[in-house]
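J.: Before anything else, here's the structure in question.
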Amino acid sequence: MTNIELIEAAIDENTGNIKTLSLPGNVKFGLEIEMEELSFEVTERRVQIIDEELKCEGDLSLEKGGVEVVVPPLCNTKNNLLILKKLAKSLSDLRPHFNNCSFQINFDDNYTTEQRIDFMKLYSFFEDVIYRFSSGVNRELRESIEVYAFPIYYDFAELLSKYPDNPEMVLKNFSNKKLFGINLKNKTKPNLIEFRTPNGTTNYHLWLNYINTFYYLMNAVKEANYDKELVDYFIKNFIEFNNDYEEFFPYGPYYNLNIEKGLQFANLIFDDDYDKIHFLKQYIKRDQDEAKQYILH
């Protein structure tokens, strides 16, 4: 499909929600679902009925009855998707609040050190797109994101310029910390990469979109199918871009829609038009008039 056709499909009400994952069958992902204003006992009971492997934990970083549901590593199978669908429905029925909550996704980190640096560069380049996408169906990101999912761009670019020949020192700043949008977990076996940006949600379709998107972002680095020179230039000249980038942070305003960059991201990481359309649908959100202007021009 052309870019125009992708945007037309994304804003078409008849497109519907994402219903499947396109991840390879051997890829594992784990989820952490934060919620507030819930009874721990009631939540745990509901979760255990669905699957005994699902765990409930208290979360001191949350307010007013914070509960975190931990989904152990799953693969893309019909049965696992059914478990997630049942879990989303059961948790939604409890009517949790999400003022300070995130939805976290963990993938196995099979990168070399060089690939890990490349991943952080690519993530930084598209961080504005990722944060807008990560607000889900909301108009803005959660209140606590500056504390628990701060953007990596500034710190990462500065550390790269400071330690150009010491990637381990650069990565150390983002390892085993619940501070940035990316957490490199290297105290686990296997090592994991945790995505911390998405707003808390019990929306099954959002879950699928996040899982799909972050996996294929990681896969793009494995495939090395992007313009490394452009990304490197962006990172090396981060001071030059500061003024533009500050439009996206701090976090209160609804992020500006950048159709061209959203399309660039979707076309880079996805091969399947189905995945591109559902990413763009969530990225565009309610700004369909602006998307229609792009189509007309």
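Residues are referred to by chain and number: the chain letter is A, B, ... according to the order shown in the structure tokens, the number counts from 1 in that chain, and ligands are numbered separately from 1 in the order shown.
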Name the residues of region 49-166 of chain A that fall into helix (DSSP H, G or I) according to DSSP on the backbone, using the chain letters and numbers of this document, as a PyMOL selection string.

T.: chain A and resi 49-50+78-93+113-125+127-134+145-148+153-162

J.: Residues near region 286-296 of chain A, anyone? I mean within 10 Å using only C-alpha atoms, not counting same-chain ones fewer than 4 positions away, as a list in words.

T.: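 Listing them by chain and then by number gives Asn3, Ile4, Glu5, Leu6, Ile7, Glu8, Ala10, Ile11, Asp12, Val137, Asn138, Arg139, Asn256, Leu257, Asn258, Ile259, Glu260, Lys281 and Gln282 of chain A.
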
J.: Limited to N, CA, C and O atoms, could you put the picked residues into a file as a compact mmCIF listing (two decimals), in the first residue's frame?

T.:
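This went into result08.txt:
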```
# COMPACT_ATOMS: atom_id res chain seq x y z
N ASN A 3 1.64 5.30 1.04
CA ASN A 3 1.46 6.02 2.30
C ASN A 3 0.06 6.59 2.42
O ASN A 3 -0.54 6.58 3.50
N ILE A 4 -0.46 7.14 1.32
CA ILE A 4 -1.81 7.70 1.34
C ILE A 4 -2.83 6.61 1.67
O ILE A 4 -3.74 6.80 2.49
N GLU A 5 -2.68 5.45 1.07
CA GLU A 5 -3.60 4.34 1.32
C GLU A 5 -3.51 3.87 2.77
O GLU A 5 -4.52 3.49 3.38
N LEU A 6 -2.30 3.86 3.33
CA LEU A 6 -2.13 3.47 4.74
C LEU A 6 -2.86 4.43 5.67
O LEU A 6 -3.55 4.00 6.61
N ILE A 7 -2.73 5.73 5.41
CA ILE A 7 -3.41 6.73 6.26
C ILE A 7 -4.92 6.61 6.10
O ILE A 7 -5.67 6.67 7.08
N GLU A 8 -5.38 6.43 4.86
CA GLU A 8 -6.82 6.27 4.63
C GLU A 8 -7.37 5.07 5.39
O GLU A 8 -8.45 5.15 6.00
N ALA A 10 -6.04 3.73 8.08
CA ALA A 10 -5.88 3.95 9.52
C ALA A 10 -7.01 4.80 10.10
O ALA A 10 -7.39 4.61 11.26
N ILE A 11 -7.53 5.72 9.32
CA ILE A 11 -8.60 6.60 9.84
C ILE A 11 -9.99 6.11 9.44
O ILE A 11 -10.99 6.74 9.80
N ASP A 12 -10.05 4.99 8.73
CA ASP A 12 -11.33 4.41 8.34
C ASP A 12 -11.94 3.67 9.54
O ASP A 12 -11.33 2.77 10.11
N VAL A 137 -5.17 5.40 24.17
CA VAL A 137 -6.40 6.10 23.77
C VAL A 137 -6.53 7.43 24.50
O VAL A 137 -7.51 8.15 24.31
N ASN A 138 -5.55 7.76 25.34
CA ASN A 138 -5.60 9.00 26.11
C ASN A 138 -5.01 10.17 25.33
O ASN A 138 -4.28 9.98 24.36
N ARG A 139 -5.25 11.36 25.80
CA ARG A 139 -4.72 12.55 25.15
C ARG A 139 -3.33 12.92 25.66
O ARG A 139 -2.68 13.80 25.12
N ASN A 256 2.42 16.56 19.37
CA ASN A 256 2.11 16.93 18.00
C ASN A 256 2.14 15.71 17.09
O ASN A 256 2.99 14.83 17.24
N LEU A 257 1.22 15.70 16.15
CA LEU A 257 1.19 14.63 15.17
C LEU A 257 2.18 14.93 14.06
O LEU A 257 2.16 16.02 13.48
N ASN A 258 3.05 13.97 13.77
CA ASN A 258 4.01 14.11 12.69
C ASN A 258 3.78 12.93 11.73
O ASN A 258 4.36 11.85 11.91
N ILE A 259 2.90 13.15 10.76
CA ILE A 259 2.49 12.07 9.87
C ILE A 259 3.69 11.47 9.15
O ILE A 259 3.83 10.24 9.05
N GLU A 260 4.57 12.32 8.64
CA GLU A 260 5.71 11.83 7.88
C GLU A 260 6.60 10.92 8.73
O GLU A 260 7.03 9.85 8.29
N LYS A 281 -3.20 3.88 13.26
CA LYS A 281 -4.50 4.19 13.86
C LYS A 281 -4.31 4.68 15.29
O LYS A 281 -4.91 5.67 15.72
N GLN A 282 -3.47 3.98 16.06
CA GLN A 282 -3.22 4.38 17.44
C GLN A 282 -2.37 5.64 17.51
O GLN A 282 -2.54 6.46 18.42
```

J.: Name all residues at most 12 Å from Leu60 (chain A) (count only C-alpha atoms; drop same-chain ones fewer than 5 positions away) and give them as a PyMOL selection string.

T.: chain A and resi 34-36+65-68+100-101

J.: What lies within 9 Å of region 266-272 of chain A using only C-alpha atoms, ignoring chain neighbours under 5 positions off, as a VMD selection string?

T.: chain A and resid 3 22 213 216 to 220 225 to 226 261 277 279 to 280

J.: Could you please take those selected residues and save N, CA and C atoms as a PDB file, in the first residue's frame?

T.:
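New file part25.pdb:
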```
ATOM      1  N   ASN A   3       1.644   5.296   1.040  1.00  0.00           N
ATOM      2  CA  ASN A   3       1.459   6.015   2.299  1.00  0.00           C
ATOM      3  C   ASN A   3       0.060   6.594   2.423  1.00  0.00           C
ATOM      4  N   SER A  22       1.669 -10.736  14.870  1.00  0.00           N
ATOM      5  CA  SER A  22       2.406 -11.343  13.763  1.00  0.00           C
ATOM      6  C   SER A  22       3.801 -11.787  14.194  1.00  0.00           C
ATOM      7  N   THR A 213       4.480  -3.744  18.101  1.00  0.00           N
ATOM      8  CA  THR A 213       5.324  -2.609  17.720  1.00  0.00           C
ATOM      9  C   THR A 213       6.705  -2.690  18.343  1.00  0.00           C
ATOM     10  N   TYR A 216       8.902  -5.473  16.777  1.00  0.00           N
ATOM     11  CA  TYR A 216       9.430  -5.176  15.446  1.00  0.00           C
ATOM     12  C   TYR A 216      10.415  -4.007  15.457  1.00  0.00           C
ATOM     13  N   LEU A 217      10.311  -3.132  16.446  1.00  0.00           N
ATOM     14  CA  LEU A 217      11.354  -2.118  16.625  1.00  0.00           C
ATOM     15  C   LEU A 217      12.681  -2.793  16.958  1.00  0.00           C
ATOM     16  N   MET A 218      12.652  -3.762  17.870  1.00  0.00           N
ATOM     17  CA  MET A 218      13.866  -4.507  18.196  1.00  0.00           C
ATOM     18  C   MET A 218      14.376  -5.295  16.991  1.00  0.00           C
ATOM     19  N   ASN A 219      13.455  -5.867  16.239  1.00  0.00           N
ATOM     20  CA  ASN A 219      13.844  -6.684  15.097  1.00  0.00           C
ATOM     21  C   ASN A 219      14.508  -5.846  14.003  1.00  0.00           C
ATOM     22  N   ALA A 220      14.093  -4.577  13.875  1.00  0.00           N
ATOM     23  CA  ALA A 220      14.696  -3.700  12.863  1.00  0.00           C
ATOM     24  C   ALA A 220      16.195  -3.560  13.085  1.00  0.00           C
ATOM     25  N   ASN A 225      18.026  -2.745   8.864  1.00  0.00           N
ATOM     26  CA  ASN A 225      17.389  -2.301   7.618  1.00  0.00           C
ATOM     27  C   ASN A 225      16.933  -0.845   7.697  1.00  0.00           C
ATOM     28  N   TYR A 226      17.777   0.023   8.248  1.00  0.00           N
ATOM     29  CA  TYR A 226      17.422   1.431   8.369  1.00  0.00           C
ATOM     30  C   TYR A 226      18.646   2.289   8.089  1.00  0.00           C
ATOM     31  N   LYS A 261       6.846  11.340   9.964  1.00  0.00           N
ATOM     32  CA  LYS A 261       7.724  10.547  10.821  1.00  0.00           C
ATOM     33  C   LYS A 261       7.019   9.280  11.297  1.00  0.00           C
ATOM     34  N   ILE A 277      -1.058  -0.314   9.529  1.00  0.00           N
ATOM     35  CA  ILE A 277      -2.344   0.383   9.676  1.00  0.00           C
ATOM     36  C   ILE A 277      -2.732   0.513  11.140  1.00  0.00           C
ATOM     37  N   PHE A 279      -0.774   0.330  13.816  1.00  0.00           N
ATOM     38  CA  PHE A 279       0.125   1.256  14.500  1.00  0.00           C
ATOM     39  C   PHE A 279      -0.314   2.695  14.225  1.00  0.00           C
ATOM     40  N   LEU A 280      -0.551   3.022  12.956  1.00  0.00           N
ATOM     41  CA  LEU A 280      -0.905   4.393  12.585  1.00  0.00           C
ATOM     42  C   LEU A 280      -2.253   4.810  13.167  1.00  0.00           C
TER      43      LEU A 280
END
```

J.: Write out as number ranges by chain each polymer residue whose atoms come within 8 Å of region 195-205 of chain A, counting only C-alpha atoms; drop sequence neighbours fewer than 3 positions from it.

T.: A: 17-19, 33-35, 84-85, 88-89, 91-92, 98, 100-106, 130-131, 133-136, 141-142, 145, 148-149, 180-183, 208-210, 214
